[in-house]
Protein chains: 2
Amino acid sequence: MKLTIRRPDDFHLHLRQGAMLSAVLPATARQFGRAIIMPNTDSPILTAADVERYRRQILAEDSGLTPLMTIKLVPATTPVGILEARAVGTIAGKLYPEGVTTNSDDGVRDIRGMYPVFDAMERSGMVLCLHGESPGAFCLDREKDFLRHLVDIAGTFQRLKIVLEHITTDEAVKMVSCLPGNVAATITVHHLYLTLDDVIGGLIRPHTFCKPIAKRPEDRTALIAAAVSGNPKFFLGTDSAPHLRERKECDGGCAGVFSAPMAMQALAWLFVEGCQAHDRLEKFTSRFGAEFYGLPLNEGKLELIREPKPVPREVAGVVPFMAGEIIPWSLR
Amino acid sequence: MKLTIRRPDDFHLHLRQGAMLSAVLPATARQFGRAIIMPNTDSPILTAADVERYRRQILAEDSGLTPLMTIKLVPATTPVGILEARAVGTIAGKLYPEGVTTNSDDGVRDIRGMYPVFDAMERSGMVLCLHGESPGAFCLDREKDFLRHLVDIAGTFQRLKIVLEHITTDEAVKMVSCLPGNVAATITVHHLYLTLDDVIGGLIRPHTFCKPIAKRPEDRTALIAAAVSGNPKFFLGTDSAPHLRERKECDGGCAGVFSAPMAMQALAWLFVEGCQAHDRLEKFTSRFGAEFYGLPLNEGKLELIREPKPVPREVAGVVPFMAGEIIPWSLR
């Protein structure tokens, strides 16, 4: 049995820099045509010059992946900075509320204070990507609490394309569903598989620890339903985020799940066998995101075959999601 | 400033065996007169003979602590086994639902199937200690879900003394409050300090990971209110549970918080300065538990002084709760 789909895109990816970039990029390039590259590197991608430098680093790897570049929106970002970044092909600006995840200490506290920046993004056709969590709230309430900001931004900037990234709750699914067409959401592979039980329900599992944290079974059900629904507001963004094993298995482990090596295999398993929705897999991975971002669909194909293979136990010092587990689908 | 109280008891303590027992026992003995010793050692304390052997091991350490011995209630436990254990001074039987925490794979699935055992406990005056979590439920719902079993047991065995251990939720506080006088609850030191935010709200913190997992801020508030309330149904059981650092900081870390070295210091801080309830500290730590168990109050004293000291970073390879943090109260 095999499954041939239009080559997918990953609308949320962490590639890091240097040796880590070289180590993890091939896993994504093997599956995806393009990826939205997150700007929360250390140091961050803040300006047009940063974007050009980082893009050159990625392209120098010659992986075949087309990077879709972003800048990090920080309190110091200006409308002029947006226009400059846009001029060098920056596709999106990413907003992290202050302190909510890896490398977000320089994030935004006053979201309304960013409205002049959002205005410049709207005018120049740059997409706004949101890490949708309120830092002050209790961990399980942060996404839900952030939705009021989403409503406010979407109501104020009705032609700004807004992506609520890596959604984890039933509430977020419902809110994105009922907001106008300029608001969409990405869903990760791991949030389609995990609940909080997989993090702290048995032993404590740092390799399933991520932000936003996986929630309740009913939340995961809502995410699966949204992913297979055929609703173009929901598309794939893996948020694949590599951290070295020793940065996870320690006192104070980092948030992030490295799903790049097994993303499409796990999605094929879920869509085909879990949900009998093989006809909607391609829409979720290869169509809706491109259409929302206003990009042409990829020309190439991706072939998956029903051949069980184990997920590697480690890739360059990083433990992938489902390491060692057997997924019934593999890449051709 | 100093605080002199009747010597406290710890109504829930893990001492382990062998080298770990020798390493951790002095920390408890320095503060407490007696402690209820948990029977989920590896191998478990199941019979009168196990109790006698384990008690000898503890007494051989010559720490000064009086161990109050328990047996683990497993599906194979019989009413006769209860009477035999009681005859050698076993004070309580501990029920772990199957698989809910460290060394509980031999725990109980069919709680009603244990009713003949509970009947023997009631007749012989043995206390029933409950790890009150339903293993099948979502991690945050396990304690709440277990409360129906508590109600059923308490209604069926009205003269059986029942302790719902290490409670973590507002619901458990309310339920224990409204059940008859034969039902009480222990509260740990760490659940008076932690919420889930301290485990997974920032980086992931395996040394705050325990079962039941710490819950929401409003749950912690309910626990603090219960502890300082002066209601004799609520008393101290630290559930201090040592695991070597490498068994915590890994993929699949063990549940348990090692609070023995700082338990009374942290309670003094909370009761005196957090809650202006210094008059209720002694009741919570040195009176209500003994009275519920039908034990004489301790004769000795414990003196705490207001002298800030850091919690040790490590004790015999185990990282204590609040390691490295400064607590304003210390032991004389």
# chains A, B, ... in the order shown; residues from 1 in each chain; ligands from 1

call {"tool": "closest_atom_pairs", "arguments": {"of": "chain B", "to": "chain A", "cutoff": "6 Å", "atoms": "only C-alpha atoms", "output": "Markdown table"}}
result
| residue | atom | partner | partner_atom | distance |
| --- | --- | --- | --- | --- |
| B:Cys139 | CA | A:Gly201 | CA | 5.1 |
| B:Asp197 | CA | A:Cys139 | CA | 5.8 |
| B:Gly201 | CA | A:Cys139 | CA | 5.1 |
| B:Leu203 | CA | A:Gly252 | CA | 4.9 |
| B:Ile204 | CA | A:Gly253 | CA | 4.9 |
| B:Arg205 | CA | A:Gly252 | CA | 5.1 |
| B:Glu249 | CA | A:Cys250 | CA | 4.5 |
| B:Cys250 | CA | A:Glu249 | CA | 4.5 |
| B:Asp251 | CA | A:Arg205 | CA | 5.5 |
| B:Gly252 | CA | A:Leu203 | CA | 4.9 |
| B:Gly253 | CA | A:Ile204 | CA | 4.9 |
| B:Cys254 | CA | A:Leu203 | CA | 5.5 |

call {"tool": "write_last_selection", "arguments": {"atoms": "N, CA, C and O atoms", "output": "PDB file, in the first residue's frame"}}
result
ATOM      1  N   CYS B 139      -4.625  12.407  34.268  1.00  0.00           N
ATOM      2  CA  CYS B 139      -3.773  12.660  35.434  1.00  0.00           C
ATOM      3  C   CYS B 139      -4.354  13.695  36.402  1.00  0.00           C
ATOM      4  O   CYS B 139      -4.261  13.530  37.613  1.00  0.00           O
ATOM      5  N   ASP B 197       2.414  24.684  37.671  1.00  0.00           N
ATOM      6  CA  ASP B 197       3.350  25.643  37.066  1.00  0.00           C
ATOM      7  C   ASP B 197       4.795  25.374  37.485  1.00  0.00           C
ATOM      8  O   ASP B 197       5.721  25.644  36.722  1.00  0.00           O
ATOM      9  N   GLY B 201       5.437  24.606  34.087  1.00  0.00           N
ATOM     10  CA  GLY B 201       5.031  25.946  33.654  1.00  0.00           C
ATOM     11  C   GLY B 201       6.153  26.743  33.023  1.00  0.00           C
ATOM     12  O   GLY B 201       5.912  27.613  32.190  1.00  0.00           O
ATOM     13  N   LEU B 203      10.562  25.816  32.574  1.00  0.00           N
ATOM     14  CA  LEU B 203      11.289  24.628  32.157  1.00  0.00           C
ATOM     15  C   LEU B 203      10.668  23.423  32.871  1.00  0.00           C
ATOM     16  O   LEU B 203       9.870  23.593  33.792  1.00  0.00           O
ATOM     17  N   ILE B 204      11.044  22.220  32.467  1.00  0.00           N
ATOM     18  CA  ILE B 204      10.471  21.043  33.136  1.00  0.00           C
ATOM     19  C   ILE B 204      11.349  20.684  34.329  1.00  0.00           C
ATOM     20  O   ILE B 204      12.575  20.662  34.232  1.00  0.00           O
ATOM     21  N   ARG B 205      10.707  20.470  35.493  1.00  0.00           N
ATOM     22  CA  ARG B 205      11.406  20.350  36.771  1.00  0.00           C
ATOM     23  C   ARG B 205      11.136  18.992  37.404  1.00  0.00           C
ATOM     24  O   ARG B 205      10.181  18.830  38.174  1.00  0.00           O
ATOM     25  N   GLU B 249      16.482  12.986  36.857  1.00  0.00           N
ATOM     26  CA  GLU B 249      16.902  13.792  35.700  1.00  0.00           C
ATOM     27  C   GLU B 249      17.241  12.862  34.548  1.00  0.00           C
ATOM     28  O   GLU B 249      18.400  12.635  34.216  1.00  0.00           O
ATOM     29  N   CYS B 250      16.194  12.306  33.927  1.00  0.00           N
ATOM     30  CA  CYS B 250      16.383  11.325  32.859  1.00  0.00           C
ATOM     31  C   CYS B 250      15.091  11.264  32.043  1.00  0.00           C
ATOM     32  O   CYS B 250      14.145  11.980  32.314  1.00  0.00           O
ATOM     33  N   ASP B 251      15.085  10.410  31.018  1.00  0.00           N
ATOM     34  CA  ASP B 251      13.856  10.179  30.272  1.00  0.00           C
ATOM     35  C   ASP B 251      13.057   9.113  31.009  1.00  0.00           C
ATOM     36  O   ASP B 251      13.402   7.933  30.957  1.00  0.00           O
ATOM     37  N   GLY B 252      12.015   9.534  31.710  1.00  0.00           N
ATOM     38  CA  GLY B 252      11.257   8.602  32.531  1.00  0.00           C
ATOM     39  C   GLY B 252      11.645   8.737  33.986  1.00  0.00           C
ATOM     40  O   GLY B 252      11.970   7.753  34.647  1.00  0.00           O
ATOM     41  N   GLY B 253      11.635   9.940  34.479  1.00  0.00           N
ATOM     42  CA  GLY B 253      12.021  10.214  35.863  1.00  0.00           C
ATOM     43  C   GLY B 253      10.942   9.759  36.832  1.00  0.00           C
ATOM     44  O   GLY B 253       9.747   9.778  36.527  1.00  0.00           O
ATOM     45  N   CYS B 254      11.383   9.363  38.040  1.00  0.00           N
ATOM     46  CA  CYS B 254      10.473   8.842  39.056  1.00  0.00           C
ATOM     47  C   CYS B 254       9.704   9.972  39.742  1.00  0.00           C
ATOM     48  O   CYS B 254      10.189  11.094  39.857  1.00  0.00           O
TER      49      CYS B 254
END

call {"tool": "residues_around", "arguments": {"residues": "Thr4 in chain B", "least_positions_apart": "2", "cutoff": "7 Å", "atoms": "only C-alpha atoms", "output": "CSV table (one decimal) with C-alpha atoms, in the first residue's frame"}}
result
chain,number,residue,atom,x,y,z
B,2,LYS,CA,12.1,31.3,68.0
B,301,LYS,CA,10.0,19.5,71.9
B,302,LEU,CA,11.2,20.9,68.6
B,303,GLU,CA,12.8,24.3,68.5
B,304,LEU,CA,12.8,26.4,65.3

call {"tool": "residues_around", "arguments": {"residues": "Pro67 in chain A", "least_positions_apart": "4", "cutoff": "12 Å", "atoms": "only C-alpha atoms", "output": "PDB file with N, CA and C atoms, in the first residue's frame"}}
result
ATOM      1  N   ASP A   9       4.245  21.227   3.014  1.00  0.00           N
ATOM      2  CA  ASP A   9       4.998  22.336   3.604  1.00  0.00           C
ATOM      3  C   ASP A   9       4.859  22.269   5.119  1.00  0.00           C
ATOM      4  N   ASP A  10       5.871  22.773   5.795  1.00  0.00           N
ATOM      5  CA  ASP A  10       5.812  22.841   7.260  1.00  0.00           C
ATOM      6  C   ASP A  10       5.713  24.307   7.656  1.00  0.00           C
ATOM      7  N   PHE A  11       4.548  24.697   8.166  1.00  0.00           N
ATOM      8  CA  PHE A  11       4.333  26.108   8.455  1.00  0.00           C
ATOM      9  C   PHE A  11       4.767  26.526   9.865  1.00  0.00           C
ATOM     10  N   HIS A  12       5.670  25.763  10.434  1.00  0.00           N
ATOM     11  CA  HIS A  12       6.276  26.165  11.716  1.00  0.00           C
ATOM     12  C   HIS A  12       7.443  25.237  12.007  1.00  0.00           C
ATOM     13  N   LEU A  13       8.657  25.757  11.902  1.00  0.00           N
ATOM     14  CA  LEU A  13       9.846  24.904  12.051  1.00  0.00           C
ATOM     15  C   LEU A  13      10.983  25.665  12.729  1.00  0.00           C
ATOM     16  N   HIS A  14      11.638  24.973  13.661  1.00  0.00           N
ATOM     17  CA  HIS A  14      12.863  25.505  14.280  1.00  0.00           C
ATOM     18  C   HIS A  14      14.064  24.780  13.694  1.00  0.00           C
ATOM     19  N   LEU A  15      14.960  25.544  13.096  1.00  0.00           N
ATOM     20  CA  LEU A  15      16.159  24.936  12.501  1.00  0.00           C
ATOM     21  C   LEU A  15      17.429  25.233  13.293  1.00  0.00           C
ATOM     22  N   LEU A  25      18.331  19.800   9.472  1.00  0.00           N
ATOM     23  CA  LEU A  25      17.696  20.237   8.224  1.00  0.00           C
ATOM     24  C   LEU A  25      17.373  19.075   7.277  1.00  0.00           C
ATOM     25  N   THR A  28      13.879  17.419   7.663  1.00  0.00           N
ATOM     26  CA  THR A  28      12.746  18.183   7.130  1.00  0.00           C
ATOM     27  C   THR A  28      12.771  18.201   5.604  1.00  0.00           C
ATOM     28  N   ALA A  29      13.957  18.395   5.017  1.00  0.00           N
ATOM     29  CA  ALA A  29      14.062  18.506   3.560  1.00  0.00           C
ATOM     30  C   ALA A  29      13.624  17.221   2.860  1.00  0.00           C
ATOM     31  N   PHE A  32       9.525  17.814   3.182  1.00  0.00           N
ATOM     32  CA  PHE A  32       8.788  19.045   2.917  1.00  0.00           C
ATOM     33  C   PHE A  32       9.425  19.868   1.799  1.00  0.00           C
ATOM     34  N   GLY A  33       8.569  20.575   1.053  1.00  0.00           N
ATOM     35  CA  GLY A  33       9.075  21.483   0.033  1.00  0.00           C
ATOM     36  C   GLY A  33       9.555  22.796   0.626  1.00  0.00           C
ATOM     37  N   ARG A  34       8.740  23.352   1.510  1.00  0.00           N
ATOM     38  CA  ARG A  34       9.042  24.648   2.120  1.00  0.00           C
ATOM     39  C   ARG A  34       8.770  24.580   3.619  1.00  0.00           C
ATOM     40  N   ALA A  35       9.365  25.497   4.334  1.00  0.00           N
ATOM     41  CA  ALA A  35       9.064  25.588   5.776  1.00  0.00           C
ATOM     42  C   ALA A  35       9.191  27.024   6.233  1.00  0.00           C
ATOM     43  N   ILE A  36       8.283  27.397   7.120  1.00  0.00           N
ATOM     44  CA  ILE A  36       8.359  28.692   7.809  1.00  0.00           C
ATOM     45  C   ILE A  36       9.408  28.546   8.909  1.00  0.00           C
ATOM     46  N   ILE A  37      10.462  29.342   8.798  1.00  0.00           N
ATOM     47  CA  ILE A  37      11.604  29.184   9.696  1.00  0.00           C
ATOM     48  C   ILE A  37      11.473  30.135  10.879  1.00  0.00           C
ATOM     49  N   MET A  38      11.405  29.589  12.054  1.00  0.00           N
ATOM     50  CA  MET A  38      11.224  30.401  13.263  1.00  0.00           C
ATOM     51  C   MET A  38      12.469  31.251  13.540  1.00  0.00           C
ATOM     52  N   PRO A  39      12.217  32.477  14.021  1.00  0.00           N
ATOM     53  CA  PRO A  39      13.294  33.455  14.185  1.00  0.00           C
ATOM     54  C   PRO A  39      13.856  33.529  15.604  1.00  0.00           C
ATOM     55  N   VAL A  51      17.634  38.397   8.419  1.00  0.00           N
ATOM     56  CA  VAL A  51      16.913  37.460   7.543  1.00  0.00           C
ATOM     57  C   VAL A  51      17.809  37.019   6.400  1.00  0.00           C
ATOM     58  N   GLU A  52      18.470  37.969   5.771  1.00  0.00           N
ATOM     59  CA  GLU A  52      19.308  37.609   4.612  1.00  0.00           C
ATOM     60  C   GLU A  52      20.462  36.715   5.036  1.00  0.00           C
ATOM     61  N   TYR A  54      20.578  34.691   7.707  1.00  0.00           N
ATOM     62  CA  TYR A  54      20.084  33.374   8.126  1.00  0.00           C
ATOM     63  C   TYR A  54      19.660  32.560   6.895  1.00  0.00           C
ATOM     64  N   ARG A  55      19.016  33.210   5.929  1.00  0.00           N
ATOM     65  CA  ARG A  55      18.605  32.504   4.708  1.00  0.00           C
ATOM     66  C   ARG A  55      19.826  31.951   3.971  1.00  0.00           C
ATOM     67  N   ARG A  56      20.886  32.776   3.908  1.00  0.00           N
ATOM     68  CA  ARG A  56      22.120  32.292   3.257  1.00  0.00           C
ATOM     69  C   ARG A  56      22.676  31.061   3.966  1.00  0.00           C
ATOM     70  N   GLN A  57      22.638  31.102   5.326  1.00  0.00           N
ATOM     71  CA  GLN A  57      23.129  29.933   6.095  1.00  0.00           C
ATOM     72  C   GLN A  57      22.330  28.671   5.745  1.00  0.00           C
ATOM     73  N   ILE A  58      21.015  28.834   5.667  1.00  0.00           N
ATOM     74  CA  ILE A  58      20.154  27.667   5.388  1.00  0.00           C
ATOM     75  C   ILE A  58      20.382  27.175   3.955  1.00  0.00           C
ATOM     76  N   LEU A  59      20.419  28.128   3.022  1.00  0.00           N
ATOM     77  CA  LEU A  59      20.587  27.722   1.613  1.00  0.00           C
ATOM     78  C   LEU A  59      21.963  27.111   1.368  1.00  0.00           C
ATOM     79  N   ALA A  60      22.952  27.534   2.140  1.00  0.00           N
ATOM     80  CA  ALA A  60      24.305  26.983   1.975  1.00  0.00           C
ATOM     81  C   ALA A  60      24.342  25.491   2.283  1.00  0.00           C
ATOM     82  N   GLU A  61      23.349  25.013   3.013  1.00  0.00           N
ATOM     83  CA  GLU A  61      23.299  23.572   3.327  1.00  0.00           C
ATOM     84  C   GLU A  61      22.862  22.759   2.111  1.00  0.00           C
ATOM     85  N   ASP A  62      22.262  23.456   1.132  1.00  0.00           N
ATOM     86  CA  ASP A  62      21.878  22.808  -0.120  1.00  0.00           C
ATOM     87  C   ASP A  62      20.982  21.582   0.111  1.00  0.00           C
ATOM     88  N   SER A  63      20.006  21.748   0.981  1.00  0.00           N
ATOM     89  CA  SER A  63      19.166  20.607   1.366  1.00  0.00           C
ATOM     90  C   SER A  63      18.009  20.376   0.414  1.00  0.00           C
ATOM     91  N   GLY A  89      11.842  39.841   1.286  1.00  0.00           N
ATOM     92  CA  GLY A  89      11.097  38.591   1.137  1.00  0.00           C
ATOM     93  C   GLY A  89      10.678  37.917   2.434  1.00  0.00           C
ATOM     94  N   THR A  90      10.742  38.626   3.539  1.00  0.00           N
ATOM     95  CA  THR A  90      10.274  38.050   4.808  1.00  0.00           C
ATOM     96  C   THR A  90       8.765  37.828   4.713  1.00  0.00           C
ATOM     97  N   ILE A  91       8.349  36.620   4.998  1.00  0.00           N
ATOM     98  CA  ILE A  91       6.950  36.261   4.760  1.00  0.00           C
ATOM     99  C   ILE A  91       6.061  36.491   5.979  1.00  0.00           C
ATOM    100  N   ALA A  92       6.683  36.441   7.149  1.00  0.00           N
ATOM    101  CA  ALA A  92       5.874  36.554   8.370  1.00  0.00           C
ATOM    102  C   ALA A  92       6.686  37.156   9.507  1.00  0.00           C
TER     103      ALA A  92
END

call {"tool": "select_by_dssp", "arguments": {"residues": "range 30-73 of chain A", "states": "strand (DSSP E)", "output": "PyMOL selection string"}}
result
chain A and resi 34-37+66-73

call {"tool": "residues_around", "arguments": {"residues": "Val311 in chain A", "least_positions_apart": "4", "cutoff": "9 Å", "atoms": "only C-alpha atoms", "output": "ChimeraX atom specification"}}
result
/A:261-262,320-327

call {"tool": "write_last_selection", "arguments": {"atoms": "N, CA, C and O atoms", "output": "PDB file, in the first residue's frame"}}
result
ATOM      1  N   PRO A 261      11.962  14.033  11.956  1.00  0.00           N
ATOM      2  CA  PRO A 261      12.254  12.761  11.287  1.00  0.00           C
ATOM      3  C   PRO A 261      11.042  11.863  11.057  1.00  0.00           C
ATOM      4  O   PRO A 261      11.153  10.900  10.305  1.00  0.00           O
ATOM      5  N   MET A 262       9.913  12.149  11.716  1.00  0.00           N
ATOM      6  CA  MET A 262       8.793  11.214  11.631  1.00  0.00           C
ATOM      7  C   MET A 262       7.444  11.897  11.413  1.00  0.00           C
ATOM      8  O   MET A 262       6.393  11.272  11.559  1.00  0.00           O
ATOM      9  N   PRO A 320      14.257  12.141  18.967  1.00  0.00           N
ATOM     10  CA  PRO A 320      13.035  12.521  18.243  1.00  0.00           C
ATOM     11  C   PRO A 320      11.771  12.114  18.991  1.00  0.00           C
ATOM     12  O   PRO A 320      11.815  11.267  19.892  1.00  0.00           O
ATOM     13  N   PHE A 321      10.682  12.700  18.587  1.00  0.00           N
ATOM     14  CA  PHE A 321       9.371  12.301  19.085  1.00  0.00           C
ATOM     15  C   PHE A 321       9.141  10.835  18.714  1.00  0.00           C
ATOM     16  O   PHE A 321       9.444  10.412  17.609  1.00  0.00           O
ATOM     17  N   MET A 322       8.615  10.054  19.635  1.00  0.00           N
ATOM     18  CA  MET A 322       8.336   8.616  19.444  1.00  0.00           C
ATOM     19  C   MET A 322       9.600   7.810  19.173  1.00  0.00           C
ATOM     20  O   MET A 322       9.534   6.759  18.521  1.00  0.00           O
ATOM     21  N   ALA A 323      10.731   8.273  19.692  1.00  0.00           N
ATOM     22  CA  ALA A 323      12.004   7.569  19.476  1.00  0.00           C
ATOM     23  C   ALA A 323      11.873   6.090  19.806  1.00  0.00           C
ATOM     24  O   ALA A 323      11.368   5.730  20.866  1.00  0.00           O
ATOM     25  N   GLY A 324      12.293   5.261  18.862  1.00  0.00           N
ATOM     26  CA  GLY A 324      12.272   3.821  19.087  1.00  0.00           C
ATOM     27  C   GLY A 324      10.942   3.154  18.828  1.00  0.00           C
ATOM     28  O   GLY A 324      10.865   1.930  18.724  1.00  0.00           O
ATOM     29  N   GLU A 325       9.878   3.941  18.693  1.00  0.00           N
ATOM     30  CA  GLU A 325       8.563   3.347  18.416  1.00  0.00           C
ATOM     31  C   GLU A 325       8.421   3.046  16.926  1.00  0.00           C
ATOM     32  O   GLU A 325       9.026   3.701  16.083  1.00  0.00           O
ATOM     33  N   ILE A 326       7.581   2.069  16.633  1.00  0.00           N
ATOM     34  CA  ILE A 326       7.394   1.684  15.234  1.00  0.00           C
ATOM     35  C   ILE A 326       6.167   2.386  14.672  1.00  0.00           C
ATOM     36  O   ILE A 326       5.069   2.318  15.249  1.00  0.00           O
ATOM     37  N   ILE A 327       6.363   3.078  13.551  1.00  0.00           N
ATOM     38  CA  ILE A 327       5.254   3.723  12.851  1.00  0.00           C
ATOM     39  C   ILE A 327       5.005   2.913  11.581  1.00  0.00           C
ATOM     40  O   ILE A 327       5.948   2.587  10.862  1.00  0.00           O
TER      41      ILE A 327
END

call {"tool": "atom_distance", "arguments": {"atom1": "CA of Lys161 in chain A", "atom2": "CA of Val183 in chain A"}}
result
6.1 Å

call {"tool": "select_by_dssp", "arguments": {"residues": "range 174-301 of chain B", "states": "alpha helix (DSSP H)", "output": "ChimeraX atom specification"}}
result
/B:174-178,190-193,217-227,245-248,263-268,278-282,288-293

call {"tool": "residues_around", "arguments": {"residues": "Ile111 in chain A", "least_positions_apart": "3", "cutoff": "9 Å", "atoms": "only C-alpha atoms", "output": "PyMOL selection string"}}
result
chain A and resi 75+95+97+108+114-115+149+153

call {"tool": "write_last_selection", "arguments": {"atoms": "all heavy atoms", "output": "mmCIF file, in the first residue's frame"}}
result
data_model
loop_
_atom_site.group_PDB
_atom_site.id
_atom_site.type_symbol
_atom_site.label_atom_id
_atom_site.label_comp_id
_atom_site.auth_asym_id
_atom_site.auth_seq_id
_atom_site.Cartn_x
_atom_site.Cartn_y
_atom_site.Cartn_z
ATOM 1 N N PRO A 75 9.512 44.366 21.291
ATOM 2 C CA PRO A 75 9.050 45.733 21.564
ATOM 3 C C PRO A 75 9.771 46.788 20.726
ATOM 4 O O PRO A 75 9.187 47.831 20.400
ATOM 5 C CB PRO A 75 9.338 45.897 23.061
ATOM 6 C CG PRO A 75 9.240 44.509 23.605
ATOM 7 C CD PRO A 75 9.776 43.611 22.532
ATOM 8 N N LEU A 95 5.267 36.725 16.802
ATOM 9 C CA LEU A 95 5.157 37.361 18.107
ATOM 10 C C LEU A 95 5.168 36.317 19.221
ATOM 11 O O LEU A 95 4.353 35.393 19.234
ATOM 12 C CB LEU A 95 3.870 38.180 18.196
ATOM 13 C CG LEU A 95 3.726 38.966 19.510
ATOM 14 C CD1 LEU A 95 3.148 40.350 19.247
ATOM 15 C CD2 LEU A 95 2.878 38.226 20.530
ATOM 16 N N PRO A 97 4.793 36.282 23.264
ATOM 17 C CA PRO A 97 4.657 37.003 24.532
ATOM 18 C C PRO A 97 5.894 36.731 25.389
ATOM 19 O O PRO A 97 6.486 35.652 25.321
ATOM 20 C CB PRO A 97 3.390 36.399 25.140
ATOM 21 C CG PRO A 97 2.623 35.902 23.956
ATOM 22 C CD PRO A 97 3.674 35.387 23.007
ATOM 23 N N VAL A 108 7.133 40.094 23.806
ATOM 24 C CA VAL A 108 6.266 41.266 23.918
ATOM 25 C C VAL A 108 5.398 41.173 25.168
ATOM 26 O O VAL A 108 4.817 40.126 25.453
ATOM 27 C CB VAL A 108 5.375 41.356 22.659
ATOM 28 C CG1 VAL A 108 4.296 42.423 22.829
ATOM 29 C CG2 VAL A 108 6.231 41.635 21.440
ATOM 30 N N MET A 114 2.056 46.927 20.028
ATOM 31 C CA MET A 114 2.585 46.450 18.749
ATOM 32 C C MET A 114 1.665 46.796 17.579
ATOM 33 O O MET A 114 1.966 46.449 16.435
ATOM 34 C CB MET A 114 2.772 44.927 18.793
ATOM 35 C CG MET A 114 3.734 44.421 19.860
ATOM 36 S SD MET A 114 5.416 45.062 19.660
ATOM 37 C CE MET A 114 5.951 44.114 18.226
ATOM 38 N N TYR A 115 0.550 47.450 17.838
ATOM 39 C CA TYR A 115 -0.425 47.657 16.765
ATOM 40 C C TYR A 115 0.126 48.472 15.589
ATOM 41 O O TYR A 115 -0.210 48.185 14.437
ATOM 42 C CB TYR A 115 -1.734 48.231 17.341
ATOM 43 C CG TYR A 115 -2.643 47.158 17.943
ATOM 44 C CD1 TYR A 115 -2.155 45.878 18.265
ATOM 45 C CD2 TYR A 115 -3.992 47.405 18.165
ATOM 46 C CE1 TYR A 115 -2.988 44.902 18.805
ATOM 47 C CE2 TYR A 115 -4.831 46.420 18.708
ATOM 48 C CZ TYR A 115 -4.320 45.176 19.028
ATOM 49 O OH TYR A 115 -5.152 44.211 19.557
ATOM 50 N N HIS A 149 -6.764 38.292 23.100
ATOM 51 C CA HIS A 149 -5.860 39.104 22.287
ATOM 52 C C HIS A 149 -6.071 38.806 20.800
ATOM 53 O O HIS A 149 -6.055 39.697 19.960
ATOM 54 C CB HIS A 149 -4.399 38.831 22.660
ATOM 55 C CG HIS A 149 -4.064 39.163 24.067
ATOM 56 N ND1 HIS A 149 -4.136 40.449 24.570
ATOM 57 C CD2 HIS A 149 -3.654 38.384 25.100
ATOM 58 C CE1 HIS A 149 -3.786 40.435 25.851
ATOM 59 N NE2 HIS A 149 -3.493 39.207 26.189
ATOM 60 N N ILE A 153 -6.930 41.568 18.009
ATOM 61 C CA ILE A 153 -6.067 41.823 16.854
ATOM 62 C C ILE A 153 -6.852 41.602 15.558
ATOM 63 O O ILE A 153 -6.816 42.421 14.636
ATOM 64 C CB ILE A 153 -4.825 40.906 16.877
ATOM 65 C CG1 ILE A 153 -3.977 41.150 18.129
ATOM 66 C CG2 ILE A 153 -3.978 41.126 15.616
ATOM 67 C CD1 ILE A 153 -2.924 40.067 18.386
#

call {"tool": "residues_around", "arguments": {"residues": "Trp269 in chain A", "least_positions_apart": "5", "cutoff": "9 Å", "atoms": "only C-alpha atoms", "output": "tab-separated table (two decimals) with C-alpha atoms, in the first residue's frame"}}
result
chain	number	residue	atom	x	y	z
A	264	MET	CA	4.64	12.80	7.71
A	274	GLY	CA	-6.74	6.45	12.80
A	275	CYS	CA	-9.36	8.56	11.05
A	306	ARG	CA	2.90	1.12	4.38
A	327	ILE	CA	5.25	3.72	12.85
A	328	PRO	CA	3.48	1.65	10.20
A	329	TRP	CA	4.14	4.21	7.45

call {"tool": "residues_around", "arguments": {"residues": "Ala184 in chain B", "least_positions_apart": "4", "cutoff": "12 Å", "atoms": "only C-alpha atoms", "output": "ChimeraX atom specification"}}
result
/B:11,127-130,150,154,160-167,172-180,226-227,231-237,288-293

call {"tool": "closest_residue", "arguments": {"among": "A:Asp106, A:Asp42, A:Glu143, A:Asp119", "to": "Val80 in chain A", "atoms": "only C-alpha atoms"}}
result
A:Asp119
